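Data from model-v8.cif: mmCIF, N, CA and C atoms
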data_input
loop_
_atom_site.group_PDB
_atom_site.id
_atom_site.type_symbol
_atom_site.label_atom_id
_atom_site.label_comp_id
_atom_site.auth_asym_id
_atom_site.auth_seq_id
_atom_site.Cartn_x
_atom_site.Cartn_y
_atom_site.Cartn_z
ATOM 1 N N PHE A 1 -64.854 -62.744 -46.840
ATOM 2 C CA PHE A 1 -65.844 -61.762 -47.225
ATOM 3 C C PHE A 1 -65.910 -61.654 -48.738
ATOM 4 N N ASN A 2 -67.086 -61.424 -49.229
ATOM 5 C CA ASN A 2 -67.210 -61.005 -50.614
ATOM 6 C C ASN A 2 -68.274 -59.921 -50.681
ATOM 7 N N THR A 3 -68.289 -59.187 -51.760
ATOM 8 C CA THR A 3 -69.170 -58.030 -51.858
ATOM 9 C C THR A 3 -70.631 -58.419 -51.704
ATOM 10 N N LYS A 4 -71.034 -59.556 -52.202
ATOM 11 C CA LYS A 4 -72.433 -59.975 -52.125
ATOM 12 C C LYS A 4 -72.876 -60.239 -50.692
ATOM 13 N N GLU A 5 -71.958 -60.621 -49.801
ATOM 14 C CA GLU A 5 -72.307 -60.895 -48.409
ATOM 15 C C GLU A 5 -72.959 -59.695 -47.745
ATOM 16 N N PHE A 6 -72.529 -58.493 -48.086
ATOM 17 C CA PHE A 6 -72.993 -57.293 -47.403
ATOM 18 C C PHE A 6 -74.122 -56.575 -48.122
ATOM 19 N N SER A 7 -74.440 -56.987 -49.328
ATOM 20 C CA SER A 7 -75.425 -56.241 -50.096
ATOM 21 C C SER A 7 -76.817 -56.280 -49.480
ATOM 22 N N ASN A 8 -77.168 -57.353 -48.792
ATOM 23 C CA ASN A 8 -78.503 -57.470 -48.205
ATOM 24 C C ASN A 8 -78.514 -57.278 -46.695
ATOM 25 N N ASN A 9 -77.380 -57.043 -46.083
ATOM 26 C CA ASN A 9 -77.317 -56.885 -44.632
ATOM 27 C C ASN A 9 -77.669 -55.468 -44.232
ATOM 28 N N SER A 10 -78.378 -55.350 -43.108
ATOM 29 C CA SER A 10 -78.741 -54.022 -42.631
ATOM 30 C C SER A 10 -77.761 -53.528 -41.576
ATOM 31 N N PHE A 11 -76.938 -54.427 -41.004
ATOM 32 C CA PHE A 11 -75.945 -54.006 -40.025
ATOM 33 C C PHE A 11 -74.741 -54.929 -40.065
ATOM 34 N N PHE A 12 -73.654 -54.457 -39.449
ATOM 35 C CA PHE A 12 -72.402 -55.206 -39.364
ATOM 36 C C PHE A 12 -72.068 -55.370 -37.896
ATOM 37 N N LEU A 13 -71.953 -56.594 -37.417
ATOM 38 C CA LEU A 13 -71.615 -56.905 -36.027
ATOM 39 C C LEU A 13 -70.173 -57.358 -35.963
ATOM 40 N N SER A 14 -69.392 -56.717 -35.074
ATOM 41 C CA SER A 14 -67.971 -57.029 -35.014
ATOM 42 C C SER A 14 -67.378 -56.657 -33.665
ATOM 43 N N THR A 15 -66.183 -57.152 -33.430
ATOM 44 C CA THR A 15 -65.352 -56.666 -32.327
ATOM 45 C C THR A 15 -64.512 -55.529 -32.888
ATOM 46 N N CYS A 16 -63.572 -55.018 -32.100
ATOM 47 C CA CYS A 16 -62.666 -53.974 -32.584
ATOM 48 C C CYS A 16 -61.288 -54.214 -31.986
ATOM 49 N N GLN A 17 -60.303 -53.478 -32.470
ATOM 50 C CA GLN A 17 -58.952 -53.552 -31.919
ATOM 51 C C GLN A 17 -58.858 -52.731 -30.647
ATOM 52 N N SER A 18 -59.366 -51.493 -30.691
ATOM 53 C CA SER A 18 -59.287 -50.578 -29.550
ATOM 54 C C SER A 18 -60.397 -49.545 -29.627
ATOM 55 N N LEU A 19 -60.680 -48.958 -28.463
ATOM 56 C CA LEU A 19 -61.561 -47.806 -28.346
ATOM 57 C C LEU A 19 -60.671 -46.625 -28.003
ATOM 58 N N ILE A 20 -60.711 -45.567 -28.795
ATOM 59 C CA ILE A 20 -59.813 -44.429 -28.627
ATOM 60 C C ILE A 20 -60.513 -43.358 -27.791
ATOM 61 N N ALA A 21 -59.977 -43.082 -26.601
ATOM 62 C CA ALA A 21 -60.629 -42.186 -25.647
ATOM 63 C C ALA A 21 -60.586 -40.716 -26.061
ATOM 64 N N ASN A 22 -59.466 -40.249 -26.622
ATOM 65 C CA ASN A 22 -59.338 -38.807 -26.857
ATOM 66 C C ASN A 22 -60.191 -38.266 -27.993
ATOM 67 N N ASN A 23 -60.700 -39.138 -28.891
ATOM 68 C CA ASN A 23 -61.573 -38.641 -29.955
ATOM 69 C C ASN A 23 -62.814 -39.505 -30.187
ATOM 70 N N GLY A 24 -63.007 -40.531 -29.376
ATOM 71 C CA GLY A 24 -64.190 -41.370 -29.498
ATOM 72 C C GLY A 24 -64.192 -42.313 -30.675
ATOM 73 N N ALA A 25 -63.039 -42.562 -31.265
ATOM 74 C CA ALA A 25 -62.954 -43.417 -32.451
ATOM 75 C C ALA A 25 -62.915 -44.896 -32.072
ATOM 76 N N ILE A 26 -63.248 -45.718 -33.054
ATOM 77 C CA ILE A 26 -63.157 -47.173 -32.939
ATOM 78 C C ILE A 26 -62.066 -47.617 -33.915
ATOM 79 N N LEU A 27 -61.041 -48.303 -33.413
ATOM 80 C CA LEU A 27 -59.933 -48.775 -34.249
ATOM 81 C C LEU A 27 -60.235 -50.193 -34.722
ATOM 82 N N LEU A 28 -60.248 -50.373 -36.044
ATOM 83 C CA LEU A 28 -60.516 -51.671 -36.673
ATOM 84 C C LEU A 28 -59.338 -52.061 -37.546
ATOM 85 N N SER A 29 -59.247 -53.351 -37.841
ATOM 86 C CA SER A 29 -58.207 -53.822 -38.759
ATOM 87 C C SER A 29 -58.772 -54.952 -39.605
ATOM 88 N N SER A 30 -57.910 -55.560 -40.378
ATOM 89 C CA SER A 30 -58.323 -56.696 -41.206
ATOM 90 C C SER A 30 -58.813 -57.865 -40.355
ATOM 91 N N ASN A 31 -58.491 -57.877 -39.074
ATOM 92 C CA ASN A 31 -59.032 -58.917 -38.186
ATOM 93 C C ASN A 31 -60.553 -58.830 -38.103
ATOM 94 N N GLN A 32 -61.101 -57.637 -38.274
ATOM 95 C CA GLN A 32 -62.537 -57.447 -38.199
ATOM 96 C C GLN A 32 -63.186 -57.276 -39.579
ATOM 97 N N ILE A 33 -62.585 -56.491 -40.442
ATOM 98 C CA ILE A 33 -63.240 -56.130 -41.706
ATOM 99 C C ILE A 33 -62.551 -56.715 -42.937
ATOM 100 N N LYS A 34 -61.610 -57.616 -42.732
ATOM 101 C CA LYS A 34 -60.827 -58.214 -43.825
ATOM 102 C C LYS A 34 -60.203 -57.096 -44.665
ATOM 103 N N GLU A 35 -60.388 -57.120 -45.951
ATOM 104 C CA GLU A 35 -59.799 -56.088 -46.812
ATOM 105 C C GLU A 35 -60.848 -55.119 -47.346
ATOM 106 N N LYS A 36 -62.013 -55.100 -46.728
ATOM 107 C CA LYS A 36 -63.092 -54.198 -47.154
ATOM 108 C C LYS A 36 -62.818 -52.776 -46.716
ATOM 109 N N LYS A 37 -63.272 -51.820 -47.507
ATOM 110 C CA LYS A 37 -63.255 -50.417 -47.119
ATOM 111 C C LYS A 37 -64.528 -50.158 -46.326
ATOM 112 N N LEU A 38 -64.500 -49.176 -45.442
ATOM 113 C CA LEU A 38 -65.673 -48.890 -44.619
ATOM 114 C C LEU A 38 -66.903 -48.571 -45.454
ATOM 115 N N ASN A 39 -66.729 -47.896 -46.583
ATOM 116 C CA ASN A 39 -67.895 -47.562 -47.396
ATOM 117 C C ASN A 39 -68.488 -48.767 -48.115
ATOM 118 N N GLU A 40 -67.821 -49.918 -48.085
ATOM 119 C CA GLU A 40 -68.355 -51.151 -48.663
ATOM 120 C C GLU A 40 -69.177 -51.949 -47.651
ATOM 121 N N LEU A 41 -69.150 -51.531 -46.405
ATOM 122 C CA LEU A 41 -69.863 -52.228 -45.336
ATOM 123 C C LEU A 41 -71.195 -51.533 -45.068
ATOM 124 N N PRO A 42 -72.135 -52.215 -44.411
ATOM 125 C CA PRO A 42 -73.432 -51.601 -44.114
ATOM 126 C C PRO A 42 -73.287 -50.302 -43.321
ATOM 127 N N THR A 43 -74.296 -49.465 -43.395
ATOM 128 C CA THR A 43 -74.277 -48.167 -42.723
ATOM 129 C C THR A 43 -74.318 -48.298 -41.212
ATOM 130 N N SER A 44 -74.981 -49.325 -40.704
ATOM 131 C CA SER A 44 -75.098 -49.510 -39.256
ATOM 132 C C SER A 44 -74.075 -50.523 -38.762
ATOM 133 N N PHE A 45 -73.312 -50.117 -37.759
ATOM 134 C CA PHE A 45 -72.302 -50.965 -37.132
ATOM 135 C C PHE A 45 -72.715 -51.242 -35.694
ATOM 136 N N ILE A 46 -72.586 -52.488 -35.264
ATOM 137 C CA ILE A 46 -72.718 -52.849 -33.859
ATOM 138 C C ILE A 46 -71.355 -53.389 -33.450
ATOM 139 N N ILE A 47 -70.694 -52.686 -32.547
ATOM 140 C CA ILE A 47 -69.348 -53.056 -32.111
ATOM 141 C C ILE A 47 -69.413 -53.572 -30.683
ATOM 142 N N PHE A 48 -68.851 -54.759 -30.460
ATOM 143 C CA PHE A 48 -68.737 -55.332 -29.129
ATOM 144 C C PHE A 48 -67.314 -55.106 -28.649
ATOM 145 N N ALA A 49 -67.160 -54.462 -27.492
ATOM 146 C CA ALA A 49 -65.830 -54.177 -26.950
ATOM 147 C C ALA A 49 -65.848 -54.301 -25.433
ATOM 148 N N THR A 50 -64.664 -54.326 -24.855
ATOM 149 C CA THR A 50 -64.524 -54.397 -23.399
ATOM 150 C C THR A 50 -63.792 -53.155 -22.900
ATOM 151 N N THR A 51 -63.962 -52.853 -21.637
ATOM 152 C CA THR A 51 -63.311 -51.669 -21.070
ATOM 153 C C THR A 51 -61.790 -51.771 -21.122
ATOM 154 N N SER A 52 -61.251 -52.979 -21.148
ATOM 155 C CA SER A 52 -59.794 -53.130 -21.240
ATOM 156 C C SER A 52 -59.261 -52.725 -22.619
ATOM 157 N N GLN A 53 -60.131 -52.520 -23.594
ATOM 158 C CA GLN A 53 -59.712 -52.091 -24.926
ATOM 159 C C GLN A 53 -59.623 -50.564 -25.039
ATOM 160 N N LEU A 54 -59.979 -49.850 -23.987
ATOM 161 C CA LEU A 54 -59.872 -48.391 -23.996
ATOM 162 C C LEU A 54 -58.408 -47.971 -23.952
ATOM 163 N N VAL A 55 -58.024 -47.130 -24.891
ATOM 164 C CA VAL A 55 -56.677 -46.552 -24.921
ATOM 165 C C VAL A 55 -56.823 -45.045 -25.096
ATOM 166 N N GLU A 56 -55.776 -44.307 -24.754
ATOM 167 C CA GLU A 56 -55.865 -42.847 -24.804
ATOM 168 C C GLU A 56 -55.856 -42.285 -26.219
ATOM 169 N N SER A 57 -55.009 -42.839 -27.092
ATOM 170 C CA SER A 57 -54.836 -42.246 -28.414
ATOM 171 C C SER A 57 -54.720 -43.316 -29.489
ATOM 172 N N ILE A 58 -54.807 -42.878 -30.743
ATOM 173 C CA ILE A 58 -54.628 -43.800 -31.863
ATOM 174 C C ILE A 58 -53.230 -44.411 -31.819
ATOM 175 N N SER A 59 -52.232 -43.631 -31.445
ATOM 176 C CA SER A 59 -50.858 -44.146 -31.353
ATOM 177 C C SER A 59 -50.770 -45.317 -30.390
ATOM 178 N N GLU A 60 -51.441 -45.192 -29.243
ATOM 179 C CA GLU A 60 -51.430 -46.283 -28.267
ATOM 180 C C GLU A 60 -52.163 -47.511 -28.812
ATOM 181 N N GLY A 61 -53.241 -47.300 -29.539
ATOM 182 C CA GLY A 61 -53.956 -48.412 -30.169
ATOM 183 C C GLY A 61 -53.098 -49.125 -31.190
ATOM 184 N N LEU A 62 -52.378 -48.368 -32.007
ATOM 185 C CA LEU A 62 -51.472 -48.970 -32.987
ATOM 186 C C LEU A 62 -50.332 -49.727 -32.309
ATOM 187 N N ARG A 63 -49.829 -49.171 -31.208
ATOM 188 C CA ARG A 63 -48.784 -49.845 -30.444
ATOM 189 C C ARG A 63 -49.301 -51.179 -29.879
ATOM 190 N N ASN A 64 -50.546 -51.195 -29.405
ATOM 191 C CA ASN A 64 -51.146 -52.439 -28.897
ATOM 192 C C ASN A 64 -51.254 -53.488 -29.998
ATOM 193 N N ILE A 65 -51.642 -53.057 -31.197
ATOM 194 C CA ILE A 65 -51.720 -53.997 -32.321
ATOM 195 C C ILE A 65 -50.345 -54.589 -32.591
ATOM 196 N N LYS A 66 -49.337 -53.746 -32.616
ATOM 197 C CA LYS A 66 -47.968 -54.218 -32.882
ATOM 198 C C LYS A 66 -47.503 -55.198 -31.799
ATOM 199 N N ASN A 67 -47.779 -54.886 -30.533
ATOM 200 C CA ASN A 67 -47.351 -55.760 -29.434
ATOM 201 C C ASN A 67 -48.109 -57.090 -29.411
ATOM 202 N N GLN A 68 -49.381 -57.073 -29.761
ATOM 203 C CA GLN A 68 -50.194 -58.289 -29.744
ATOM 204 C C GLN A 68 -49.930 -59.177 -30.954
ATOM 205 N N SER A 69 -49.453 -58.603 -32.045
ATOM 206 C CA SER A 69 -49.306 -59.325 -33.308
ATOM 207 C C SER A 69 -47.880 -59.259 -33.808
ATOM 208 N N LYS A 70 -46.937 -59.676 -32.995
ATOM 209 C CA LYS A 70 -45.521 -59.531 -33.336
ATOM 210 C C LYS A 70 -45.150 -60.185 -34.663
ATOM 211 N N ASN A 71 -45.720 -61.353 -34.956
ATOM 212 C CA ASN A 71 -45.344 -62.064 -36.181
ATOM 213 C C ASN A 71 -46.174 -61.678 -37.396
ATOM 214 N N LEU A 72 -47.440 -61.325 -37.176
ATOM 215 C CA LEU A 72 -48.328 -61.049 -38.302
ATOM 216 C C LEU A 72 -49.210 -59.840 -37.976
ATOM 217 N N ILE A 73 -48.715 -58.658 -38.270
ATOM 218 C CA ILE A 73 -49.464 -57.432 -38.011
ATOM 219 C C ILE A 73 -50.594 -57.340 -39.035
ATOM 220 N N PRO A 74 -51.840 -57.116 -38.563
ATOM 221 C CA PRO A 74 -52.963 -57.039 -39.506
ATOM 222 C C PRO A 74 -52.828 -55.834 -40.431
ATOM 223 N N SER A 75 -53.422 -55.969 -41.594
ATOM 224 C CA SER A 75 -53.421 -54.865 -42.559
ATOM 225 C C SER A 75 -54.753 -54.125 -42.459
ATOM 226 N N ASN A 76 -54.977 -53.194 -43.324
ATOM 227 C CA ASN A 76 -56.244 -52.465 -43.420
ATOM 228 C C ASN A 76 -56.667 -51.871 -42.072
ATOM 229 N N ILE A 77 -55.764 -51.185 -41.423
ATOM 230 C CA ILE A 77 -56.052 -50.572 -40.124
ATOM 231 C C ILE A 77 -56.705 -49.218 -40.361
ATOM 232 N N THR A 78 -57.870 -49.002 -39.750
ATOM 233 C CA THR A 78 -58.628 -47.770 -39.937
ATOM 234 C C THR A 78 -59.436 -47.461 -38.687
ATOM 235 N N THR A 79 -60.049 -46.305 -38.657
ATOM 236 C CA THR A 79 -60.908 -45.934 -37.539
ATOM 237 C C THR A 79 -62.281 -45.525 -38.042
ATOM 238 N N ILE A 80 -63.268 -45.736 -37.200
ATOM 239 C CA ILE A 80 -64.592 -45.152 -37.421
ATOM 240 C C ILE A 80 -64.660 -43.984 -36.461
ATOM 241 N N GLN A 81 -64.727 -42.800 -37.014
ATOM 242 C CA GLN A 81 -64.827 -41.625 -36.164
ATOM 243 C C GLN A 81 -65.595 -40.508 -36.855
ATOM 244 N N ASP A 82 -66.107 -40.801 -38.017
ATOM 245 C CA ASP A 82 -66.796 -39.794 -38.810
ATOM 246 C C ASP A 82 -68.286 -39.791 -38.467
ATOM 247 N N PHE A 83 -68.623 -39.118 -37.385
ATOM 248 C CA PHE A 83 -70.013 -39.066 -36.944
ATOM 249 C C PHE A 83 -70.699 -37.794 -37.441
ATOM 250 N N GLU A 84 -69.924 -36.843 -37.924
ATOM 251 C CA GLU A 84 -70.450 -35.607 -38.499
ATOM 252 C C GLU A 84 -69.817 -35.444 -39.873
ATOM 253 N N THR A 85 -70.618 -35.320 -40.888
ATOM 254 C CA THR A 85 -70.102 -35.346 -42.255
ATOM 255 C C THR A 85 -69.242 -34.149 -42.637
ATOM 256 N N GLU A 86 -69.358 -33.005 -41.963
ATOM 257 C CA GLU A 86 -68.586 -31.832 -42.360
ATOM 258 C C GLU A 86 -67.248 -31.693 -41.639
ATOM 259 N N LYS A 87 -66.902 -32.606 -40.749
ATOM 260 C CA LYS A 87 -65.642 -32.506 -40.028
ATOM 261 C C LYS A 87 -64.458 -32.816 -40.937
ATOM 262 N N GLU A 88 -63.322 -32.164 -40.657
ATOM 263 C CA GLU A 88 -62.093 -32.445 -41.387
ATOM 264 C C GLU A 88 -61.577 -33.813 -40.976
ATOM 265 N N LYS A 89 -61.112 -34.600 -41.940
ATOM 266 C CA LYS A 89 -60.659 -35.965 -41.672
ATOM 267 C C LYS A 89 -59.149 -36.028 -41.559
ATOM 268 N N ASP A 90 -58.661 -36.966 -40.726
ATOM 269 C CA ASP A 90 -57.221 -37.186 -40.646
ATOM 270 C C ASP A 90 -56.869 -38.429 -41.471
ATOM 271 N N PHE A 91 -55.603 -38.800 -41.506
ATOM 272 C CA PHE A 91 -55.154 -39.896 -42.358
ATOM 273 C C PHE A 91 -55.755 -41.243 -41.974
ATOM 274 N N MET A 92 -56.149 -41.435 -40.701
ATOM 275 C CA MET A 92 -56.702 -42.720 -40.277
ATOM 276 C C MET A 92 -58.145 -42.911 -40.738
ATOM 277 N N SER A 93 -58.817 -41.865 -41.134
ATOM 278 C CA SER A 93 -60.208 -42.014 -41.573
ATOM 279 C C SER A 93 -60.366 -41.715 -43.061
ATOM 280 N N TYR A 94 -59.268 -41.674 -43.795
ATOM 281 C CA TYR A 94 -59.319 -41.400 -45.226
ATOM 282 C C TYR A 94 -60.201 -42.439 -45.923
ATOM 283 N N GLY A 95 -61.132 -41.961 -46.720
ATOM 284 C CA GLY A 95 -61.990 -42.864 -47.477
ATOM 285 C C GLY A 95 -63.123 -43.460 -46.675
ATOM 286 N N SER A 96 -63.289 -43.062 -45.421
ATOM 287 C CA SER A 96 -64.366 -43.625 -44.617
ATOM 288 C C SER A 96 -65.658 -42.879 -44.892
ATOM 289 N N SER A 97 -66.729 -43.473 -44.467
ATOM 290 C CA SER A 97 -68.022 -42.843 -44.631
ATOM 291 C C SER A 97 -68.730 -42.835 -43.287
ATOM 292 N N THR A 98 -69.720 -41.972 -43.163
ATOM 293 C CA THR A 98 -70.452 -41.856 -41.907
ATOM 294 C C THR A 98 -71.189 -43.158 -41.623
ATOM 295 N N LYS A 99 -71.154 -43.602 -40.371
ATOM 296 C CA LYS A 99 -71.807 -44.840 -39.960
ATOM 297 C C LYS A 99 -72.709 -44.578 -38.760
ATOM 298 N N ASN A 100 -73.770 -45.364 -38.657
ATOM 299 C CA ASN A 100 -74.567 -45.404 -37.435
ATOM 300 C C ASN A 100 -73.881 -46.419 -36.541
ATOM 301 N N LEU A 101 -73.391 -45.979 -35.412
ATOM 302 C CA LEU A 101 -72.574 -46.841 -34.561
ATOM 303 C C LEU A 101 -73.266 -47.123 -33.242
ATOM 304 N N TYR A 102 -73.305 -48.398 -32.887
ATOM 305 C CA TYR A 102 -73.845 -48.847 -31.607
ATOM 306 C C TYR A 102 -72.738 -49.624 -30.917
ATOM 307 N N LEU A 103 -72.396 -49.227 -29.708
ATOM 308 C CA LEU A 103 -71.306 -49.853 -28.967
ATOM 309 C C LEU A 103 -71.869 -50.650 -27.801
ATOM 310 N N LEU A 104 -71.556 -51.943 -27.771
ATOM 311 C CA LEU A 104 -71.884 -52.800 -26.630
ATOM 312 C C LEU A 104 -70.603 -52.943 -25.823
ATOM 313 N N LEU A 105 -70.567 -52.289 -24.666
ATOM 314 C CA LEU A 105 -69.338 -52.238 -23.867
ATOM 315 C C LEU A 105 -69.485 -53.102 -22.632
ATOM 316 N N LEU A 106 -68.608 -54.076 -22.483
ATOM 317 C CA LEU A 106 -68.594 -54.991 -21.347
ATOM 318 C C LEU A 106 -67.480 -54.576 -20.402
ATOM 319 N N GLU A 107 -67.796 -54.378 -19.133
ATOM 320 C CA GLU A 107 -66.771 -54.033 -18.155
ATOM 321 C C GLU A 107 -66.031 -55.302 -17.756
ATOM 322 N N ASP A 108 -64.730 -55.327 -17.980
ATOM 323 C CA ASP A 108 -63.932 -56.519 -17.675
ATOM 324 C C ASP A 108 -62.720 -56.227 -16.802
ATOM 325 N N LEU A 109 -62.626 -55.048 -16.253
ATOM 326 C CA LEU A 109 -61.475 -54.706 -15.407
ATOM 327 C C LEU A 109 -61.701 -55.080 -13.963
#

Mind converting the file's structure to structure tokens?
Amino acid sequence: FNTKEFSNNSFFLSTCQSLIANNGAILLSSNQIKEKKLNELPTSFIIFATTSQLVESISEGLRNIKNQSKNLIPSNITTIQDFETEKEKDFMSYGSSTKNLYLLLLEDL
């Protein structure tokens, strides 16, 4: 990725690490966004995910990342969950910006 790649794009299409059930967040890492901050990416996100990626909490999502990536844990782990600009943010959404999010969910169970 480089900054110029995203300057003319109207949306960002990606997979995700996990879908967080208890707060509706999308867990992303450097596997999807490299070392970019969310505010450096386009405002509109299209996320492709499967029902097997649903987890109850952020902790469970982080545990899945650790278990799947024993030798090389991805960096830049963050969530998209800021759908209302006045909500208080937690440490996982620090520095994030509001995004238009479209989720393509494939049932695979």

Kindly give the distance, in Å, that separates atom CA of Glu40 of chain A and atom CA of Asn9 of chain A, rounded to a single decimal.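 We find that atom CA of Glu40 of chain A and atom CA of Asn9 of chain A lie 11.4 Å from each other.
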
Find the smallest box with edges along x, y and z containing every listed atom of segment 54-66 of chain A, then add 4 Å on each side and report centre and edge lengths in Å to one decimal, as JSON.
{"center_x": -53.7, "center_y": -48.7, "center_z": -28.5, "size_x": 20.5, "size_y": 21.0, "size_z": 17.0}

Answer key for the PyMOL selection byres ((chain A and resi 16-24) around 7), residues as a list in words: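 Selected by the PyMOL selection byres ((chain A and resi 16-24) around 7) here: Ser14, Thr15, Ala25, Ile26, Leu27, Leu28, Ser29, Gln32, Ile47, Phe48, Ala49, Gln53, Leu54, Val55, Glu56, Ser57, Ile58, Gly61, Ile80 and Gln81 of chain A.
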
So how far away is atom C of Lys37 of chain A from atom C of Ile73 of chain A, in Å?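 So the two atoms, atom C of Ile73 of chain A and atom C of Lys37 of chain A, lie 17.3 Å apart.
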
Report as an MDAnalysis selection string the full result of the PyMOL selection byres ((chain A and resi 74) around 7) when it is applied to this structure. chainID A and resid 29:31 65 69 72:73 75:77

If I take atom CA of Leu103 of chain A and atom CA of Phe45 of chain A, how far is one from the other in Å, to one decimal? 8.3 Å

Using DSSP on the backbone coordinates, identify the residues of segment 1-91 of chain A assigned to helix (DSSP H, G or I); present them as an MDAnalysis selection string. chainID A and resid 3:7 30:33 38:40 51:53 58:68 91

Quick one: of A:Ser52, A:Ser44, A:Asn39, A:Asn64, who's nearest to Lys99 of chain A, counting all atoms listed in the file? A:Ser44
